[in-house]
Structure formats: C-alpha cells, structure tokens
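Student: One structure coming up, written as structure tokens, with questions to follow.
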Amino acid sequence: MTLAVRDGVRILGHAPTTPFAGLEDAQVVQAFLDGHERAFDELVSRYQTRLLNFIYRTVGDRERAEDLVQEVFIRIYRHLHRFDQTKKFSTWAYTIASNLAKNELRNRSRNPLVLFQTIKRHWEADHRPLQFEDSSSRPDDLFRKRHLRELVEQSVSQLPEHHRVVFVLRELEGKTYEEIAEITGCNLGTVKSRLNRARNNFAAIISPHLD
Amino acid sequence: MNCCEFREKYSDFADGLLTSGEHAEASGHLAACAACRRFEAALNAGLNALRSLPRLGVSHGFGARLRHRLRGELAVRVPVVARWSSAVGTLLLVAAVGYIRWDLRESHEMRREQMAKSASGWHPAPLPLAANAPFPVPSASHIRVVRASFEPFHPMNSILLVAQSAPIAMGGPQRLDLPAVWGGP
C-alpha cells in the first residue's frame, strides 16, 4: 500500500514494494516522523495480520477484530509523534491492541449483545463455507483434524479474559514474559502466574477430548 | 515434588526458567507420574493444534476502509489547527483594538481634567512619601488611589496612579515607576 499526499490529504494506495521493507521498526517509525508518508504503509503491512490474529483470538469475532485493528492503526497514526522511541514499536502496538480488546470484552459483558455474539459464533461454525481439503488424507483424519481445531478454538475462548490475553501473546505471538508484562501493564510475577493458570486450564479443557 | 507443585511450576519448567536443581526435580516427577505426563501431552497437542490453525488475513476492503478513516482523521485535524489559529488571531485583534480605544479615551479625559485645573489656577502640592517604602510611594493616609493602570508599553513598565488627597481632590495623574510585579503595600 502507498500513503501519498494529494491535495493535503494522505492517501493509501497499492504499491508492490516500499523502500522501508528492509528497515527495523524503529527506523520505519523515524522515517514516518521525518515526513516519509509511505513509512506508515510499511507499519500497516507488517502488523495488520499479527494484530488481527491477536485480537481475533482475544475477542473471538473476526469482523469486530478487523474493526479494532483499524482503530489500532488510527491511534498509532494519531499518537506516533508521542511514542517513546527507546521502546519497541511492536510492544506499543500490541499494548494498544490489548487495551482495545479488553475494552471490547468489557463492553460486551455490559451489553446484551454478547448473547448474539455467542450465537453468531456458533452459527458461523455451522455455516462455514465449503472448503477444499487435502484429498490425500483419510476422511477420518480430516474429521479429527477439523474437530481438534474447533475444539482448540473453543478451549481458548473459554479461558478467562486476562488469562487468554497472556496465553495468546505467549503461545501464538511468541512474546517474552517482559514484553507481555509491558503490554498488559502487569508485573512479571502476575504474568507468570496467569500464564501458568491459562496453560493448566487449557490442558484441562482440551485433554478429555483428546483421548 | 508432588503433582500440585509440578503444575504450579510447569510454566517455568516448560520455559526453562527453573534452576538446574528444580529442573531435575521436575523432570524426575514427570518421568514418574503418568497423570502429569498426560497433562503435558494434552497441553502440547492442544498448543500444536492451536499453532497450526490458519492465520487470518485482513479482508479485501481493509485497506480502503483504513484509507477512508485516515483521510477523515486528517480532514478533522487540519481545520482544527486552522480554526484555532484564526480564533486566536481574531481575539488578539479585538484585544488590540480595545486597548487602543481605551488608551485614547483615558488620555483624552486626563488632558481635559488638566486643562480644567490649569484654568482654575490650582496646583497640586507635593505628596508626602510613605515611610519604609523601597521606592517613593505616596503615603496611603494622604492619598486615595482612584484609578491605577498598568502601562505595559512604557519603557519602565510603569504603574500610573490617579490619586486624590482626602478630603480635597488633588487630581492629576502621578506616575510611579514601579517594577511590573509590584503589588502595593
């Protein structure tokens, strides 16, 4: 994508490569702050998928997750000049994403729409579009794999919210304990404790279905 | 080490954060305990399945929507700056015009007052100074300040006092070159 200035308005468009592709995040951020508009595209392309998956695993609703990823980028765009460049950009981006995801879950718990979201999630599972699968595998293997995937998704969604965030950051996003502590605003001990409980709960939820 | 202790330390064990002694102890328990081996196998199978889930990609309209929102963001931001700068400019202009009008009227009134007193042959007596003042300040017992104005454009940052003695009106502005921060006795 390209972010160009036209009539005083920055415009995102598509471009095959950007000159910032080989740079570190910090250098890309600096380039954007120095007025290189395309640098923001590079940040978007680097983080959109990661943030989408993180938020999706936390809130469990794909469309809402995409909306929240947009919100993350809007906030990054709005506040990048205030970003402390001694810190990692990825940690900052995940912190914004984590806070938005937490707010979303909090709002849902106060809002009766949560019932609809739950129904919708199950409905989506039942009405998933037809997918072509590997025909070299045996049908019972395919069934087991699909069943396991659904099971795993459900197991993650059953974890308490503050455990789930830590669990996803560690197991899917590969963050260190220190990074998770910074993202979630908790101390290291809390992170370790939550992760351990999340792992234990996850194993407890999934183990009866694996036998 | 029992099962509860093992489960409590499992994360540190799995992430290699235990000391070598604790790690050996946990490994020993795992080798001996079938329940904890099942726990670890279930966790690993679940995690492998979780990591093998297809990663979601952003939808086709994601870029267009972000583009639209960023455009909105800029459209809001630019007029805000413009609006503020024009508001501040207008405010300064109004203040400047007001100050000039006020200043002209004051000097006109003072001039008229002086002329009236000159015509009647009246001359002000020198004012007695207040005791212990760091600068010549007329004693408060002899004068009554009827108007005080700060003149920011005067080279001395003067405070202009229009004073009257009690009970006879002395009138006439008495300029006191005071520091701008002087608050009076």
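By order of appearance in the structure tokens: chains A, B, ..., then residues from 1 within every chain, and ligands from 1 in the order shown.
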Find the spatial neighbours of Arg37 of chain B, counting only C-alpha atoms, within a cut-off of 12 Å - ignore same-chain residues fewer than 6 positions away - and output them as a ChimeraX atom specification.
Tutor: /A:203,207 /B:3,6-7,10,26-31,43-44
Student: Once you count only C-alpha atoms, which residues of chain B turn out to be within 12 Å of chain A? Could you give them as a ChimeraX atom specification?
Tutor: /B:4-15,17,35-79
Student: Could you tell me how far atom CA of Phe32 of chain A lies from atom CA of Thr95 of chain A, in Å and to one decimal?
Tutor: 20.2 Å
Student: Would you compute the distance between atom CA of Thr91 of chain A and atom CA of His79 of chain A? Give it in Å to one decimal.
Tutor: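 Separation between atom CA of Thr91 of chain A and atom CA of His79 of chain A: 14.6 Å.
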Student: Between atom CA of Ser98 of chain A and atom CA of Val29 of chain A, what is the distance in Å, rounded to a tenth?
Tutor: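 Rounded to one decimal, the two atoms are 20.4 Å apart.
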